[in-house]
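Colleague: Mind looking over this structure? Questions follow.
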Amino acid sequence: MALAQFLSRGPYFLKSLTVTSLGRMLKTPVCSWNNYLRKVSVHGGKSISTKIVLGIETSCDDTGAAVVDETGSILGEALHSQTDVHLKTGGIIPPVAQQLHQENIARIVQHAVSASGVSMEDISAVATTVMPGLALSLGIGLKYSLELVKKHRKPFIPIHHMEAHALTVRLTDLVPFPFLVLLVSGGHCILAVAQGVSDFLLLGQTKDIAPGDMLDKVARSLSLHNHPECSGMTGGRAIETLAQQGNILRYKFTIPMQRYRDCAFSFAGLQSEITRKISKEEKAEGLQEGQHLSCIPDLAAAALYTMTVHIAERTHRAILFCKEKGIIPPGKETLVVSGGVASNQYVRRSLQLLADATNFTLVCPPPRLCTDNGVMIAWNGIEKLSVGLDIFYNVEHFRAPLGTDISEQVKEAFIKVPALNLAV
């Protein structure tokens, strides 16, 4: 059915349909009719889509805000990145991040609301990241949000940062619950089963540092901030870029935790092993000030490969555990991968091989929605608002839980993971 012909039936016909049935009948991209849908007026000018959430994100070093409605339309968004500042200092300095959030949050929120074409009166609720993250950064977003909800008398929805990453995929793809989710970022590495909004089973998480943090530390050890091919890149992006030119077989690093049959992660030991190898190679080459190792691509390739194998092995065990326990019904086997490291194309290709081998469907949000942003916070707010969860009118008392830890059950299952070739 042509879009113009379909829309000519009028708003009352549209009102009787769901987002899913609209998509099936139209056979057109959601964006083609979502924007129309929210503009159609019925009953005295009221929009069909009445739920609109302002999302605010300041968990680390990006100040983000977005306005999203219940159809999944991103009405307005804004983001201020601190990457350039932190690249110069070799890492995130919490007081500096706090100051930059303080300087930019009002402008970013105002820009997102202005771009959305709606006013604060039209917004149903304000959703804000309250945990986890850098305490100083989180405090800026929370303080600004609470002032906003008091001023405009709006309900407040506290957001767990990792739940927002996990559910972002439902903004872009019709992924039903339950699904297995791998959250990989600069601050976290988590395997969980998303059973519903604010209903997660935690299978395993990192015992020390996160994969993105490990890659950043390796990049600093290799002085990639001033490498001619990596100008302006984050550590993880620099490692990924140089690894494409490298030989993963030249160096062999120890894959972490292979003796432990659980879904926990550990990257600190691997990072230390790589750093020691870098120091050894630097002594062997007798580097002068400002020089880079000739073997950087091979070191980057081996580091990325070993990290990815570790991630894939733990995820493989999670898949087998879900199958063994019947946690995910047959026919709904979906693996969602989100978070900043999910933008790494080598990691994605490797997890695609794993998904294919286990008959799971791999789904990832678009790269721009994998990194921290206001859109994912607003969408998580929409999901909570739609099912009536974690909506607070008394902003003095609120919580943002993530899920139930069943990692001991995974350990007790003692599942052996078969070998999988990830040399892609």
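Residue names in the structure tokens use chain letters A, B, ... in the order shown, residue numbers from 1 in each chain, and ligand numbers from 1 in the order shown.
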As a PyMOL selection string, please: all residues of region 122-222 of chain A that backbone DSSP puts in strand (DSSP E).
Modeller: chain A and resi 125-131+156-160+179-184+189-196+199-205
Colleague: Please, which residues in region 290-366 of chain A fall within 7 Å of region 260-268 of chain A when counting only C-alpha atoms, and what is the closest atom pair and distance in Å to one decimal for each, ordered by chain then residue number, as a tab-separated table?
Modeller:
```
residue	atom	partner	partner_atom	distance
A:Arg314	CA	A:Cys263	CA	4.9
A:Arg317	CA	A:Cys263	CA	6.6
A:Ala318	CA	A:Cys263	CA	6.5
```
Colleague: I need the residues of region 350-414 of chain A that end up classed as alpha helix (DSSP H) by DSSP on the backbone, written out as an MDAnalysis selection string.
Modeller: chainID A and resid 350:357 367:370 374:387 407:413
Colleague: Which residue out of A:Ile415, A:Val336, A:Ile382, A:Cys60 has the minimum interatomic distance to Gly139 (chain A) when only C-alpha atoms are used?
Modeller: A:Cys60
Colleague: So that I can see what lies close to region 399-407 of chain A, please list as a list in words the residues with an atom at most 7 Å from it, counting only C-alpha atoms and leaving out residues fewer than 6 positions away in the same chain.
Modeller: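 With the cut-off at 7 Å, the set is Pro158, Ile159, His160, Glu163, Ser198, Asp199, Phe200, Leu201, Leu202, Leu203 and Gly204 of chain A.
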Colleague: Mind giving me the straight-line distance from CA of Ser294 (chain A) to CA of Ser272 (chain A) in Å, one decimal?
Modeller: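 Result for CA of Ser294 (chain A) versus CA of Ser272 (chain A): 20.4 Å, one decimal.
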Colleague: Excluding region 50-53 of chain A and any residue of its chain fewer than 5 positions from it, enumerate the residues within 8 Å of it, using only C-alpha atoms, and give them as number ranges by chain.
Modeller: A: 67-70, 122-127, 378-379, 381-382, 385
Colleague: Just the selected residues (N, CA and C atoms), exported as a compact mmCIF listing (two decimals), in the first residue's frame, please.
Modeller:
```
# COMPACT_ATOMS: atom_id res chain seq x y z
N VAL A 67 14.95 14.27 23.01
CA VAL A 67 13.51 14.18 23.21
C VAL A 67 13.00 13.10 22.27
N VAL A 68 12.37 12.07 22.84
CA VAL A 68 11.90 10.92 22.07
C VAL A 68 10.43 10.66 22.41
N ASP A 69 9.65 10.27 21.40
CA ASP A 69 8.25 9.95 21.69
C ASP A 69 8.02 8.44 21.66
N GLU A 70 6.80 8.02 21.99
CA GLU A 70 6.53 6.60 22.16
C GLU A 70 6.53 5.80 20.86
N ASP A 122 4.69 19.92 26.91
CA ASP A 122 4.31 18.73 26.14
C ASP A 122 5.03 17.48 26.61
N ILE A 123 6.12 17.66 27.34
CA ILE A 123 6.94 16.52 27.76
C ILE A 123 6.28 15.80 28.93
N SER A 124 6.21 14.46 28.83
CA SER A 124 5.51 13.65 29.84
C SER A 124 6.36 13.42 31.07
N ALA A 125 7.67 13.30 30.90
CA ALA A 125 8.57 13.00 32.02
C ALA A 125 10.00 13.32 31.63
N VAL A 126 10.86 13.44 32.65
CA VAL A 126 12.29 13.63 32.44
C VAL A 126 13.00 12.39 32.94
N ALA A 127 13.80 11.77 32.08
CA ALA A 127 14.58 10.58 32.44
C ALA A 127 16.05 10.95 32.47
N ALA A 378 16.35 8.71 26.97
CA ALA A 378 14.95 9.08 26.71
C ALA A 378 14.13 7.85 26.34
N TRP A 379 14.71 6.96 25.51
CA TRP A 379 13.97 5.77 25.09
C TRP A 379 13.72 4.84 26.28
N GLY A 381 13.32 5.81 29.22
CA GLY A 381 12.23 6.48 29.92
C GLY A 381 10.89 6.18 29.29
N ILE A 382 10.83 6.17 27.97
CA ILE A 382 9.59 5.82 27.26
C ILE A 382 9.16 4.40 27.61
N LEU A 385 7.83 4.39 31.13
CA LEU A 385 6.57 5.11 31.18
C LEU A 385 5.44 4.26 30.61
```
Colleague: Report, in Å to a single decimal, how far apart CA of Thr83 (chain A) and CA of Val181 (chain A) are.
Modeller: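 A separation of 26.9 Å between them.
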Colleague: May I ask which of the residues A:Ala66, A:Ala106, A:Ala219, A:Leu369 is the closest one to Glu147 (chain A), counting only C-alpha atoms?
Modeller: A:Ala106
Colleague: Quote the spacing between CA of Leu354 (chain A) and CA of Leu422 (chain A) in Å to one decimal place.
Modeller: 8.5 Å
Colleague: Extract, using only C-alpha atoms, all DNA, RNA and protein residues at most 9 Å from Tyr393 (chain A), discarding same-chain residues fewer than 4 positions from it, and format them as a PyMOL selection string.
Modeller: chain A and resi 149+153-157+397
